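Undergrad: Sharing my_file.pdb here; it has PDB, C-alpha atoms.
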```pdb
ATOM      1  CA  MET A   1     -15.184 -23.453 -47.232
ATOM      2  CA  SER A   2     -11.698 -23.116 -45.759
ATOM      3  CA  ILE A   3     -10.404 -26.110 -43.822
ATOM      4  CA  LYS A   4      -7.647 -24.134 -42.089
ATOM      5  CA  PRO A   5      -9.436 -23.834 -38.696
ATOM      6  CA  MET A   6     -10.046 -27.588 -38.699
ATOM      7  CA  SER A   7      -6.410 -28.175 -39.644
ATOM      8  CA  ILE A   8      -5.247 -26.062 -36.712
ATOM      9  CA  ALA A   9      -7.583 -27.933 -34.373
ATOM     10  CA  MET A  10      -6.342 -31.266 -35.703
ATOM     11  CA  GLU A  11      -2.749 -30.223 -35.018
ATOM     12  CA  ARG A  12      -3.667 -29.677 -31.378
ATOM     13  CA  ARG A  13      -5.153 -33.141 -31.023
ATOM     14  CA  ASN A  14      -3.238 -35.702 -29.022
ATOM     15  CA  ALA A  15      -2.682 -38.897 -31.003
ATOM     16  CA  ALA A  16      -2.346 -40.905 -27.771
ATOM     17  CA  THR A  17      -5.801 -39.983 -26.486
ATOM     18  CA  THR A  18      -8.096 -40.228 -29.510
ATOM     19  CA  GLU A  19      -9.963 -43.200 -27.963
ATOM     20  CA  ILE A  20     -10.131 -41.759 -24.446
ATOM     21  CA  ASP A  21     -13.920 -41.454 -24.501
ATOM     22  CA  LYS A  22     -14.212 -45.232 -24.976
ATOM     23  CA  LEU A  23     -12.075 -46.181 -21.986
ATOM     24  CA  SER A  24     -13.179 -47.258 -18.529
ATOM     25  CA  THR A  25     -12.871 -44.561 -15.884
ATOM     26  CA  HIS A  26      -9.746 -46.169 -14.427
ATOM     27  CA  ASP A  27      -8.032 -46.485 -17.809
ATOM     28  CA  MET A  28      -9.077 -42.942 -18.723
ATOM     29  CA  LEU A  29      -7.486 -41.580 -15.548
ATOM     30  CA  ALA A  30      -4.379 -43.719 -16.022
ATOM     31  CA  LEU A  31      -3.957 -42.210 -19.480
ATOM     32  CA  ILE A  32      -4.339 -38.678 -18.122
ATOM     33  CA  ASN A  33      -1.767 -39.530 -15.449
ATOM     34  CA  ARG A  34       0.703 -40.770 -18.072
ATOM     35  CA  GLU A  35       0.280 -37.546 -20.011
ATOM     36  CA  ASP A  36       0.829 -35.461 -16.869
ATOM     37  CA  LYS A  37       4.083 -37.295 -16.177
ATOM     38  CA  GLN A  38       5.433 -35.845 -19.406
ATOM     39  CA  VAL A  39       5.316 -32.405 -17.816
ATOM     40  CA  THR A  40       8.285 -33.203 -15.566
ATOM     41  CA  ASP A  41      10.438 -34.198 -18.532
ATOM     42  CA  ALA A  42       9.341 -31.095 -20.407
ATOM     43  CA  ILE A  43      10.437 -28.906 -17.507
ATOM     44  CA  ALA A  44      13.764 -30.745 -17.234
ATOM     45  CA  ALA A  45      14.504 -29.696 -20.812
ATOM     46  CA  CYS A  46      14.154 -26.061 -19.691
ATOM     47  CA  LEU A  47      16.463 -26.184 -16.661
ATOM     48  CA  PRO A  48      19.144 -23.918 -18.216
ATOM     49  CA  ASP A  49      16.548 -21.211 -18.900
ATOM     50  CA  ILE A  50      14.917 -21.625 -15.479
ATOM     51  CA  THR A  51      18.387 -21.304 -13.944
ATOM     52  CA  ARG A  52      18.853 -17.974 -15.723
ATOM     53  CA  LEU A  53      15.417 -16.885 -14.534
ATOM     54  CA  VAL A  54      16.232 -17.646 -10.885
ATOM     55  CA  ASP A  55      19.704 -16.071 -11.008
ATOM     56  CA  ASN A  56      18.473 -12.891 -12.710
ATOM     57  CA  ALA A  57      15.514 -12.573 -10.339
ATOM     58  CA  THR A  58      17.776 -13.049  -7.309
ATOM     59  CA  ALA A  59      20.201 -10.437  -8.622
ATOM     60  CA  THR A  60      17.323  -8.005  -9.171
ATOM     61  CA  LEU A  61      16.081  -8.419  -5.605
ATOM     62  CA  SER A  62      19.582  -8.162  -4.138
ATOM     63  CA  ARG A  63      20.100  -4.727  -5.695
ATOM     64  CA  GLY A  64      16.781  -3.450  -4.372
ATOM     65  CA  GLY A  65      14.652  -4.042  -7.445
ATOM     66  CA  ARG A  66      11.335  -5.847  -7.701
ATOM     67  CA  VAL A  67      10.378  -8.990  -9.581
ATOM     68  CA  ILE A  68       6.898  -8.750 -11.089
ATOM     69  CA  LEU A  69       4.977 -11.868 -12.139
ATOM     70  CA  ALA A  70       2.363 -10.817 -14.712
ATOM     71  CA  GLY A  71      -0.410 -12.804 -16.347
ATOM     72  CA  ALA A  72      -4.064 -12.907 -17.329
ATOM     73  CA  GLY A  73      -6.724 -15.490 -16.478
ATOM     74  CA  ALA A  74      -5.363 -18.747 -15.075
ATOM     75  CA  SER A  75      -1.804 -17.498 -15.563
ATOM     76  CA  GLY A  76      -2.603 -14.364 -13.569
ATOM     77  CA  ARG A  77      -4.098 -16.424 -10.768
ATOM     78  CA  ALA A  78      -0.964 -18.583 -10.705
ATOM     79  CA  ALA A  79       1.128 -15.407 -10.456
ATOM     80  CA  VAL A  80      -0.909 -14.102  -7.517
ATOM     81  CA  LEU A  81      -0.678 -17.412  -5.650
ATOM     82  CA  ALA A  82       3.068 -17.741  -6.273
ATOM     83  CA  ALA A  83       3.804 -14.217  -5.042
ATOM     84  CA  GLY A  84       1.486 -14.604  -2.053
ATOM     85  CA  GLU A  85       3.087 -17.858  -0.955
ATOM     86  CA  PHE A  86       6.691 -16.822  -1.596
ATOM     87  CA  ALA A  87       7.535 -15.842   1.965
ATOM     88  CA  PRO A  88       5.692 -15.994   5.298
ATOM     89  CA  ASP A  89       6.665 -12.460   6.327
ATOM     90  CA  ASN A  90       5.083 -10.759   3.284
ATOM     91  CA  LYS A  91       7.995  -8.307   3.355
ATOM     92  CA  HIS A  92       9.490  -8.919  -0.024
ATOM     93  CA  ALA A  93       9.678  -7.475  -3.506
ATOM     94  CA  LEU A  94       8.252 -10.425  -5.446
ATOM     95  CA  LEU A  95       4.900  -9.113  -6.641
ATOM     96  CA  ALA A  96       2.046 -10.208  -8.880
ATOM     97  CA  LEU A  97       0.228  -8.186 -11.534
ATOM     98  CA  MET A  98      -2.999  -9.600 -12.964
ATOM     99  CA  ALA A  99      -5.116  -8.430 -15.872
ATOM    100  CA  GLY A 100      -8.338  -7.027 -14.428
ATOM    101  CA  GLY A 101      -6.989  -6.799 -10.891
ATOM    102  CA  MET A 102      -7.783  -9.001  -7.918
ATOM    103  CA  GLN A 103     -11.437  -9.415  -8.892
ATOM    104  CA  SER A 104     -10.141 -11.582 -11.748
ATOM    105  CA  MET A 105      -9.130 -14.170  -9.151
ATOM    106  CA  VAL A 106     -12.820 -15.080  -9.074
ATOM    107  CA  GLN A 107     -13.827 -14.431 -12.671
ATOM    108  CA  THR A 108     -11.474 -13.860 -15.588
ATOM    109  CA  SER A 109     -11.834 -10.464 -17.232
ATOM    110  CA  GLU A 110     -11.705 -11.153 -20.960
ATOM    111  CA  LEU A 111     -11.882  -7.412 -21.700
ATOM    112  CA  ALA A 112      -8.845  -6.695 -19.536
ATOM    113  CA  ALA A 113      -6.875  -9.619 -20.984
ATOM    114  CA  ALA A 114      -7.572  -8.314 -24.496
ATOM    115  CA  ASP A 115      -6.463  -4.740 -23.713
ATOM    116  CA  TYR A 116      -2.869  -4.068 -24.787
ATOM    117  CA  ASP A 117      -2.894  -0.451 -23.544
ATOM    118  CA  ARG A 118      -4.200  -1.504 -20.159
ATOM    119  CA  GLY A 119      -1.174  -3.743 -19.729
ATOM    120  CA  VAL A 120       1.074  -0.738 -20.307
ATOM    121  CA  LYS A 121      -0.931   1.398 -17.878
ATOM    122  CA  ASP A 122      -0.992  -1.302 -15.198
ATOM    123  CA  LEU A 123       2.801  -1.471 -15.269
ATOM    124  CA  GLU A 124       3.077   2.322 -15.191
ATOM    125  CA  THR A 125       0.739   2.404 -12.180
ATOM    126  CA  ILE A 126       3.236   0.465 -10.051
ATOM    127  CA  ALA A 127       6.089   2.726 -11.250
ATOM    128  CA  PHE A 128       7.936  -0.153 -12.902
ATOM    129  CA  SER A 129      11.514   0.800 -13.819
ATOM    130  CA  ASN A 130      14.601  -0.662 -15.430
ATOM    131  CA  ASN A 131      15.796  -1.638 -11.955
ATOM    132  CA  ASP A 132      12.937  -4.151 -11.794
ATOM    133  CA  MET A 133      12.419  -7.462 -13.608
ATOM    134  CA  LEU A 134       9.261  -8.634 -15.325
ATOM    135  CA  ILE A 135       8.302 -12.287 -15.762
ATOM    136  CA  GLY A 136       5.304 -12.728 -18.038
ATOM    137  CA  LEU A 137       3.043 -15.766 -17.941
ATOM    138  CA  SER A 138       1.133 -16.652 -21.088
ATOM    139  CA  VAL A 139       0.490 -20.161 -22.376
ATOM    140  CA  SER A 140      -0.286 -18.932 -25.896
ATOM    141  CA  GLY A 141       2.136 -16.020 -25.838
ATOM    142  CA  LYS A 142      -0.561 -14.013 -27.619
ATOM    143  CA  THR A 143      -2.505 -12.337 -24.799
ATOM    144  CA  PRO A 144      -2.639  -8.596 -25.666
ATOM    145  CA  TRP A 145      -2.483  -7.453 -22.027
ATOM    146  CA  VAL A 146       0.669  -9.520 -21.510
ATOM    147  CA  TRP A 147       2.136  -8.097 -24.727
ATOM    148  CA  GLY A 148       1.548  -4.600 -23.381
ATOM    149  CA  VAL A 149       3.196  -5.400 -20.056
ATOM    150  CA  LEU A 150       6.181  -7.075 -21.701
ATOM    151  CA  ARG A 151       6.698  -4.436 -24.368
ATOM    152  CA  HIS A 152       6.604  -1.593 -21.812
ATOM    153  CA  ALA A 153       9.132  -3.365 -19.586
ATOM    154  CA  TRP A 154      11.293  -4.066 -22.637
ATOM    155  CA  SER A 155      11.101  -0.414 -23.744
ATOM    156  CA  LEU A 156      12.447   0.671 -20.352
ATOM    157  CA  GLY A 157      15.440  -1.634 -20.671
ATOM    158  CA  ALA A 158      14.363  -3.887 -17.811
ATOM    159  CA  ARG A 159      15.160  -7.589 -17.710
ATOM    160  CA  VAL A 160      12.238  -9.532 -19.187
ATOM    161  CA  GLY A 161      11.365 -13.226 -18.856
ATOM    162  CA  ILE A 162       8.442 -15.263 -20.165
ATOM    163  CA  ILE A 163       6.961 -18.666 -19.365
ATOM    164  CA  THR A 164       4.997 -19.784 -22.418
ATOM    165  CA  GLN A 165       4.272 -22.663 -24.776
ATOM    166  CA  ASP A 166       5.033 -20.787 -27.995
ATOM    167  CA  ALA A 167       8.669 -19.898 -28.615
ATOM    168  CA  SER A 168       7.725 -18.071 -31.827
ATOM    169  CA  SER A 169       5.150 -15.770 -30.214
ATOM    170  CA  GLU A 170       5.643 -12.022 -29.948
ATOM    171  CA  ALA A 171       5.789 -12.366 -26.162
ATOM    172  CA  ALA A 172       8.694 -14.802 -26.422
ATOM    173  CA  GLN A 173      10.502 -12.538 -28.873
ATOM    174  CA  LEU A 174      10.347  -9.659 -26.389
ATOM    175  CA  ALA A 175      11.937 -11.687 -23.600
ATOM    176  CA  ASP A 176      15.580 -11.955 -22.615
ATOM    177  CA  ILE A 177      14.795 -15.341 -21.077
ATOM    178  CA  ALA A 178      12.087 -17.565 -22.553
ATOM    179  CA  VAL A 179      11.088 -20.730 -20.699
ATOM    180  CA  VAL A 180       9.165 -22.902 -23.150
ATOM    181  CA  PRO A 181       8.405 -26.372 -21.758
ATOM    182  CA  PRO A 182       7.489 -28.787 -24.594
ATOM    183  CA  THR A 183       4.487 -30.399 -22.866
ATOM    184  CA  GLY A 184       2.876 -31.433 -26.153
ATOM    185  CA  PRO A 185      -0.828 -31.510 -27.016
ATOM    186  CA  GLU A 186      -3.394 -31.641 -24.240
ATOM    187  CA  VAL A 187      -5.338 -34.799 -23.380
ATOM    188  CA  VAL A 188      -8.561 -33.167 -24.610
ATOM    189  CA  ALA A 189      -8.262 -30.459 -27.269
ATOM    190  CA  GLY A 190     -10.165 -27.291 -26.444
ATOM    191  CA  PHE A 191     -10.422 -28.046 -22.721
ATOM    192  CA  ASN A 192      -8.262 -25.215 -21.418
ATOM    193  CA  ASN A 193      -4.548 -26.108 -21.144
ATOM    194  CA  PRO A 194      -4.108 -28.230 -18.010
ATOM    195  CA  LYS A 195      -0.703 -29.695 -18.921
ATOM    196  CA  ALA A 196       0.637 -26.293 -19.924
ATOM    197  CA  HIS A 197      -0.671 -24.685 -16.740
ATOM    198  CA  LEU A 198       0.700 -27.542 -14.626
ATOM    199  CA  ALA A 199       4.129 -26.894 -16.133
ATOM    200  CA  GLN A 200       3.716 -23.176 -15.497
ATOM    201  CA  LYS A 201       2.861 -23.742 -11.834
ATOM    202  CA  GLN A 202       5.770 -26.132 -11.321
ATOM    203  CA  ILE A 203       8.174 -23.662 -12.904
ATOM    204  CA  LEU A 204       6.815 -20.894 -10.661
ATOM    205  CA  THR A 205       7.382 -23.144  -7.637
ATOM    206  CA  MET A 206      10.964 -23.767  -8.768
ATOM    207  CA  LEU A 207      11.415 -20.031  -9.285
ATOM    208  CA  THR A 208      10.096 -18.961  -5.883
ATOM    209  CA  THR A 209      11.862 -21.775  -4.032
ATOM    210  CA  GLY A 210      15.106 -20.994  -5.860
ATOM    211  CA  ILE A 211      14.868 -17.292  -5.019
ATOM    212  CA  ALA A 212      14.124 -18.096  -1.372
ATOM    213  CA  ILE A 213      17.225 -20.301  -1.184
ATOM    214  CA  ARG A 214      19.504 -17.898  -3.044
ATOM    215  CA  SER A 215      18.344 -14.895  -0.998
ATOM    216  CA  GLY A 216      19.138 -16.569   2.342
ATOM    217  CA  ARG A 217      15.589 -17.328   3.433
ATOM    218  CA  VAL A 218      16.577 -21.002   3.646
ATOM    219  CA  TYR A 219      19.285 -22.659   5.730
ATOM    220  CA  SER A 220      19.978 -26.296   4.831
ATOM    221  CA  ASN A 221      16.451 -27.283   3.779
ATOM    222  CA  LEU A 222      14.563 -25.253   6.386
ATOM    223  CA  ARG A 223      12.810 -21.900   6.063
ATOM    224  CA  VAL A 224      14.492 -19.621   8.591
ATOM    225  CA  ASP A 225      12.651 -16.397   7.686
ATOM    226  CA  VAL A 226       9.591 -17.306   9.773
ATOM    227  CA  PRO A 227       8.053 -14.334  11.641
ATOM    228  CA  ALA A 228       6.463 -14.435  15.082
ATOM    229  CA  THR A 229       3.158 -12.896  14.000
ATOM    230  CA  THR A 230       0.928 -15.595  15.509
ATOM    231  CA  THR A 231       1.165 -18.288  18.164
ATOM    232  CA  ARG A 232       1.402 -20.902  15.405
ATOM    233  CA  TRP A 233       4.340 -19.117  13.801
ATOM    234  CA  GLN A 234       6.002 -18.626  17.187
ATOM    235  CA  GLU A 235       5.841 -22.373  17.754
ATOM    236  CA  ARG A 236       7.293 -22.942  14.302
ATOM    237  CA  GLN A 237      10.154 -20.580  15.100
ATOM    238  CA  ILE A 238      10.950 -22.564  18.247
ATOM    239  CA  ALA A 239      10.835 -25.846  16.332
ATOM    240  CA  ILE A 240      13.156 -24.492  13.614
ATOM    241  CA  VAL A 241      15.701 -23.149  16.098
ATOM    242  CA  MET A 242      15.685 -26.474  17.946
ATOM    243  CA  GLU A 243      16.074 -28.429  14.702
ATOM    244  CA  VAL A 244      18.959 -26.351  13.341
ATOM    245  CA  THR A 245      20.937 -26.024  16.567
ATOM    246  CA  ASP A 246      19.903 -29.273  18.302
ATOM    247  CA  CYS A 247      19.184 -27.265  21.442
ATOM    248  CA  PRO A 248      16.453 -27.830  24.060
ATOM    249  CA  ARG A 249      13.169 -25.939  23.830
ATOM    250  CA  ALA A 250      13.965 -23.667  26.758
ATOM    251  CA  GLN A 251      17.211 -22.487  25.162
ATOM    252  CA  ALA A 252      15.471 -21.849  21.841
ATOM    253  CA  LYS A 253      12.793 -19.729  23.561
ATOM    254  CA  VAL A 254      15.386 -17.663  25.412
ATOM    255  CA  ALA A 255      17.435 -17.098  22.265
ATOM    256  CA  LEU A 256      14.354 -15.979  20.353
ATOM    257  CA  ALA A 257      13.289 -13.653  23.156
ATOM    258  CA  ASN A 258      16.783 -12.104  23.266
ATOM    259  CA  SER A 259      16.722 -11.747  19.463
ATOM    260  CA  ASN A 260      13.371  -9.964  19.314
ATOM    261  CA  ASN A 261      11.915 -13.152  17.815
ATOM    262  CA  HIS A 262      14.198 -12.992  14.768
ATOM    263  CA  CYS A 263      14.716 -16.627  13.860
ATOM    264  CA  ARG A 264      18.045 -16.310  12.058
ATOM    265  CA  THR A 265      19.558 -14.159  14.813
ATOM    266  CA  ALA A 266      18.556 -16.700  17.458
ATOM    267  CA  ILE A 267      20.092 -19.548  15.468
ATOM    268  CA  LEU A 268      23.317 -17.643  14.828
ATOM    269  CA  SER A 269      23.585 -16.675  18.497
ATOM    270  CA  ILE A 270      23.272 -20.270  19.676
ATOM    271  CA  MET A 271      25.592 -21.713  17.031
ATOM    272  CA  THR A 272      28.371 -19.133  17.540
ATOM    273  CA  GLY A 273      27.996 -18.109  21.177
ATOM    274  CA  LEU A 274      27.621 -14.470  20.137
ATOM    275  CA  ASP A 275      25.134 -12.313  22.025
ATOM    276  CA  ALA A 276      21.983 -11.342  20.141
ATOM    277  CA  TRP A 277      23.215  -7.827  19.310
ATOM    278  CA  ARG A 278      26.488  -9.037  17.760
ATOM    279  CA  ALA A 279      24.731 -11.899  15.965
ATOM    280  CA  GLY A 280      22.201  -9.460  14.518
ATOM    281  CA  ALA A 281      24.950  -7.124  13.334
ATOM    282  CA  LEU A 282      26.804 -10.009  11.681
ATOM    283  CA  LEU A 283      23.617 -11.075   9.898
ATOM    284  CA  SER A 284      23.019  -7.518   8.730
ATOM    285  CA  ASP A 285      26.544  -7.414   7.293
ATOM    286  CA  ASN A 286      25.662 -10.535   5.295
ATOM    287  CA  ASN A 287      22.227  -9.398   4.015
ATOM    288  CA  ASP A 288      20.469 -11.648   6.546
ATOM    289  CA  ASN A 289      22.012 -14.744   4.964
ATOM    290  CA  LEU A 290      22.549 -17.208   7.821
ATOM    291  CA  ARG A 291      24.959 -19.453   5.915
ATOM    292  CA  LEU A 292      27.212 -16.523   4.997
ATOM    293  CA  ALA A 293      27.062 -15.119   8.524
ATOM    294  CA  LEU A 294      28.076 -18.496   9.975
ATOM    295  CA  ASN A 295      30.999 -18.668   7.550
ATOM    296  CA  ASP A 296      32.100 -15.191   8.643
ATOM    297  CA  ALA A 297      31.823 -16.133  12.306
ATOM    298  CA  GLN A 298      33.893 -19.255  11.719
ATOM    299  CA  GLN A 299      36.562 -17.254   9.864
ATOM    300  CA  MET A 300      36.710 -14.696  12.657
ATOM    301  CA  HIS A 301      37.155 -17.491  15.175
ATOM    302  CA  LEU A 302      39.979 -18.994  13.120
ATOM    303  CA  ASN A 303      41.671 -15.603  12.852
ATOM    304  CA  ASN A 304      41.468 -15.125  16.597
ATOM    305  CA  VAL A 305      42.921 -18.570  17.197
TER     306      VAL A 305
END
```
So, in terms of structure tokens, how does the structure I just supplied come out?

TA:
Amino acid sequence: MSIKPMSIAMERRNAATTEIDKLSTHDMLALINREDKQVTDAIAACLPDITRLVDNATATLSRGGRVILAGAGASGRAAVLAAGEFAPDNKHALLALMAGGMQSMVQTSELAAADYDRGVKDLETIAFSNNDMLIGLSVSGKTPWVWGVLRHAWSLGARVGIITQDASSEAAQLADIAVVPPTGPEVVAGFNNPKAHLAQKQILTMLTTGIAIRSGRVYSNLRVDVPATTTRWQERQIAIVMEVTDCPRAQAKVALANSNNHCRTAILSIMTGLDAWRAGALLSDNNDNLRLALNDAQQMHLNNV
């Protein structure tokens, strides 16, 4: 009888946790915690590749393209959550594509994940083009649906990225940018891939936060792209305007009302003294980037002086 399967399983075993079933509950959890801390160091080793991922994704969005996060199973669910939480206005081109569709958020579709051709068709369905960017998510790098998605994007000449654990996988070979955090073996072999998925989620958070900052949705360390869709969001707008400009509540409310409840326009109007129409035009000239618009306003003031 071949011992190869056992050899592969043994290679996945974590030498630091072989006695974990003998430990007290506290010591067991402490050991799991120590293993999880390794994820941060593993991600730090990938910062150059994550930087390329953020910069390429930002460039894609700035030229009117879309960034598609694509995965199956737990990776697909992470993609959906990351895209859904990217921005409060839901008016953006960061999208998620999941094997089996949204019903797979509840129960993974093994048939869909194993269907290479379906991955190709799913990407064709959203009219993916070489102006878009695809970021695949696959811990193993061997999911057929993800292969199909990646290979179709690659065949179109689009920019392709991958977040995976296997740098030698076909998925990684198809990518222009491969982010491969070395998280090491899991605490318990065969129990999903919690460390790998934790790294994946943290990298997605870095990606979406980085894109938000680079695309002007953040000023200082505050989200300034907040819409006024509900009373709660309206209150948040007021709080943000007050925080950024150090103005009283009444002034913030007036500025927002004059700016059609556009947070960045209200802030720019207060900080520069421009009326809402001129502040809005200046923002538009700077792709709604508040920092750049403020710099322009300051330069114009200096020129006038």

Undergrad: Can you find the residues with an atom no farther than 8 Å from (20.2, -18.9, 16.3), counting all atoms listed in the file, and report them as a VMD selection string?

TA: chain A and resid 241 245 252 255 to 256 263 to 271

Undergrad: Do you know which residues the PyMOL selection byres ((chain A and resi 124) around 12) returns on this file, as JSON, numbers by chain?

TA: {"A": [97, 117, 118, 119, 120, 121, 122, 123, 125, 126, 127, 128, 129, 130, 148, 149, 150, 151, 152, 153, 156]}

Undergrad: So that I can see what lies close to segment 282-291 of chain A, please list as a compact mmCIF listing (two decimals) with C-alpha atoms, in the frame of the given file the residues with an atom at most 12 Å from it, counting all atoms listed in the file and leaving out residues fewer than 3 positions away in the same chain.

TA:
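Written file, around-v4.txt:
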```
# COMPACT_ATOMS: atom_id res chain seq x y z
CA LEU A 61 16.08 -8.42 -5.60
CA SER A 62 19.58 -8.16 -4.14
CA ARG A 63 20.10 -4.73 -5.70
CA GLY A 64 16.78 -3.45 -4.37
CA ALA A 212 14.12 -18.10 -1.37
CA ILE A 213 17.23 -20.30 -1.18
CA ARG A 214 19.50 -17.90 -3.04
CA SER A 215 18.34 -14.90 -1.00
CA GLY A 216 19.14 -16.57 2.34
CA ARG A 217 15.59 -17.33 3.43
CA VAL A 218 16.58 -21.00 3.65
CA TYR A 219 19.28 -22.66 5.73
CA SER A 220 19.98 -26.30 4.83
CA ASN A 221 16.45 -27.28 3.78
CA LEU A 222 14.56 -25.25 6.39
CA ARG A 223 12.81 -21.90 6.06
CA VAL A 224 14.49 -19.62 8.59
CA ASP A 225 12.65 -16.40 7.69
CA VAL A 244 18.96 -26.35 13.34
CA SER A 259 16.72 -11.75 19.46
CA HIS A 262 14.20 -12.99 14.77
CA CYS A 263 14.72 -16.63 13.86
CA ARG A 264 18.05 -16.31 12.06
CA THR A 265 19.56 -14.16 14.81
CA ALA A 266 18.56 -16.70 17.46
CA ILE A 267 20.09 -19.55 15.47
CA LEU A 268 23.32 -17.64 14.83
CA SER A 269 23.58 -16.68 18.50
CA MET A 271 25.59 -21.71 17.03
CA THR A 272 28.37 -19.13 17.54
CA LEU A 274 27.62 -14.47 20.14
CA ASP A 275 25.13 -12.31 22.02
CA ALA A 276 21.98 -11.34 20.14
CA TRP A 277 23.22 -7.83 19.31
CA ARG A 278 26.49 -9.04 17.76
CA ALA A 279 24.73 -11.90 15.96
CA LEU A 294 28.08 -18.50 9.98
CA ASN A 295 31.00 -18.67 7.55
CA ASP A 296 32.10 -15.19 8.64
CA ALA A 297 31.82 -16.13 12.31
CA GLN A 298 33.89 -19.26 11.72
CA MET A 300 36.71 -14.70 12.66
```

Undergrad: Please write as a PyMOL selection string the list of polymer residues whose atoms come within 10 Å of (0.1, -14.4, -27.1), counting only C-alpha atoms and keeping to the coordinates of the file.

TA: chain A and resi 137-147+164-166+168-172

Undergrad: Could you give me, as a PyMOL selection string, the residues within 12 Å of Arg34 of chain A, counting all atoms listed in the file and dropping anything in the same chain fewer than 3 positions from it?

TA: chain A and resi 16-17+27-31+37-41+186-187+195

Undergrad: To verify the selection step, state as a PyMOL selection string which residues the PyMOL selection byres ((chain A and resi 238) around 8) yields on this input.

TA: chain A and resi 234-237+239-242+249+252-253+256

Undergrad: Report, in Å to a single decimal, how far apart atom CA of Pro181 of chain A and atom CA of Thr58 of chain A are.

TA: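 One can read the atom CA of Thr58 of chain A to atom CA of Pro181 of chain A distance as 21.8 Å.
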
Undergrad: Rank nothing, just name the residue among A:Asn260, A:Gln251, A:Asn303, A:Thr209 nearest to Ala83 of chain A, using only C-alpha atoms.

TA: A:Thr209

Undergrad: Hey, what's within 6 Å of Ile68 of chain A if we count only C-alpha atoms and toss same-chain stuff fewer than 5 positions away? As a list in words, please?

TA: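 Near Ile68 of chain A, the qualifying residues are Leu95, Ala96 and Leu134 of chain A.
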
Undergrad: Evaluate the PyMOL selection byres ((chain A and resi 99) around 8) here and jot the selected residues down as a PyMOL selection string.

TA: chain A and resi 70-73+76+97-98+100-101+104+109+112-113+119+145

Undergrad: Please determine, counting only C-alpha atoms, which residue among A:Leu198, A:Ala79, A:Leu94, A:Val188 has the shortest atom-to-atom distance to Ala42 of chain A.

TA: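 Residue with the minimum atom-to-atom distance to Ala42 of chain A: A:Leu198.
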
Undergrad: Please, what distance in Å, to one decimal, runs between atom CA of Val179 of chain A and atom CA of Asp55 of chain A?

TA: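 So the two atoms, atom CA of Val179 of chain A and atom CA of Asp55 of chain A, lie 13.8 Å apart.
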
Undergrad: Pick out the closest residue to Leu69 of chain A from this set: A:Val254, A:Leu174, A:Leu207, A:Ala293. Count all atoms listed in the file.

TA: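 Closest to Leu69 of chain A of all the choices is A:Leu207.
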
Undergrad: Please indicate the distance in Å from atom CA of Gly210 of chain A to atom CA of His197 of chain A, rounded to one decimal place.

TA: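 Pair atom CA of Gly210 of chain A / atom CA of His197 of chain A returns 19.5 Å.
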
Undergrad: Give me the residues within 10 Å of segment 45-53 of chain A as a PDB file with C-alpha atoms, keeping the file's coordinate frame, counting all atoms listed in the file and dropping any in the same chain fewer than 4 places off.

TA:
```pdb
ATOM      1  CA  THR A  40       8.285 -33.203 -15.566  1.00  0.00           C
ATOM      2  CA  ASP A  41      10.438 -34.198 -18.532  1.00  0.00           C
ATOM      3  CA  ALA A  57      15.514 -12.573 -10.339  1.00  0.00           C
ATOM      4  CA  THR A  58      17.776 -13.049  -7.309  1.00  0.00           C
ATOM      5  CA  ALA A  59      20.201 -10.437  -8.622  1.00  0.00           C
ATOM      6  CA  MET A 133      12.419  -7.462 -13.608  1.00  0.00           C
ATOM      7  CA  ILE A 135       8.302 -12.287 -15.762  1.00  0.00           C
ATOM      8  CA  ARG A 159      15.160  -7.589 -17.710  1.00  0.00           C
ATOM      9  CA  VAL A 160      12.238  -9.532 -19.187  1.00  0.00           C
ATOM     10  CA  GLY A 161      11.365 -13.226 -18.856  1.00  0.00           C
ATOM     11  CA  ILE A 162       8.442 -15.263 -20.165  1.00  0.00           C
ATOM     12  CA  ILE A 163       6.961 -18.666 -19.365  1.00  0.00           C
ATOM     13  CA  ASP A 176      15.580 -11.955 -22.615  1.00  0.00           C
ATOM     14  CA  ILE A 177      14.795 -15.341 -21.077  1.00  0.00           C
ATOM     15  CA  ALA A 178      12.087 -17.565 -22.553  1.00  0.00           C
ATOM     16  CA  VAL A 179      11.088 -20.730 -20.699  1.00  0.00           C
ATOM     17  CA  VAL A 180       9.165 -22.902 -23.150  1.00  0.00           C
ATOM     18  CA  PRO A 181       8.405 -26.372 -21.758  1.00  0.00           C
ATOM     19  CA  PRO A 182       7.489 -28.787 -24.594  1.00  0.00           C
ATOM     20  CA  ILE A 203       8.174 -23.662 -12.904  1.00  0.00           C
ATOM     21  CA  LEU A 204       6.815 -20.894 -10.661  1.00  0.00           C
ATOM     22  CA  MET A 206      10.964 -23.767  -8.768  1.00  0.00           C
ATOM     23  CA  LEU A 207      11.415 -20.031  -9.285  1.00  0.00           C
ATOM     24  CA  GLY A 210      15.106 -20.994  -5.860  1.00  0.00           C
ATOM     25  CA  ILE A 211      14.868 -17.292  -5.019  1.00  0.00           C
TER      26      ILE A 211
END
```
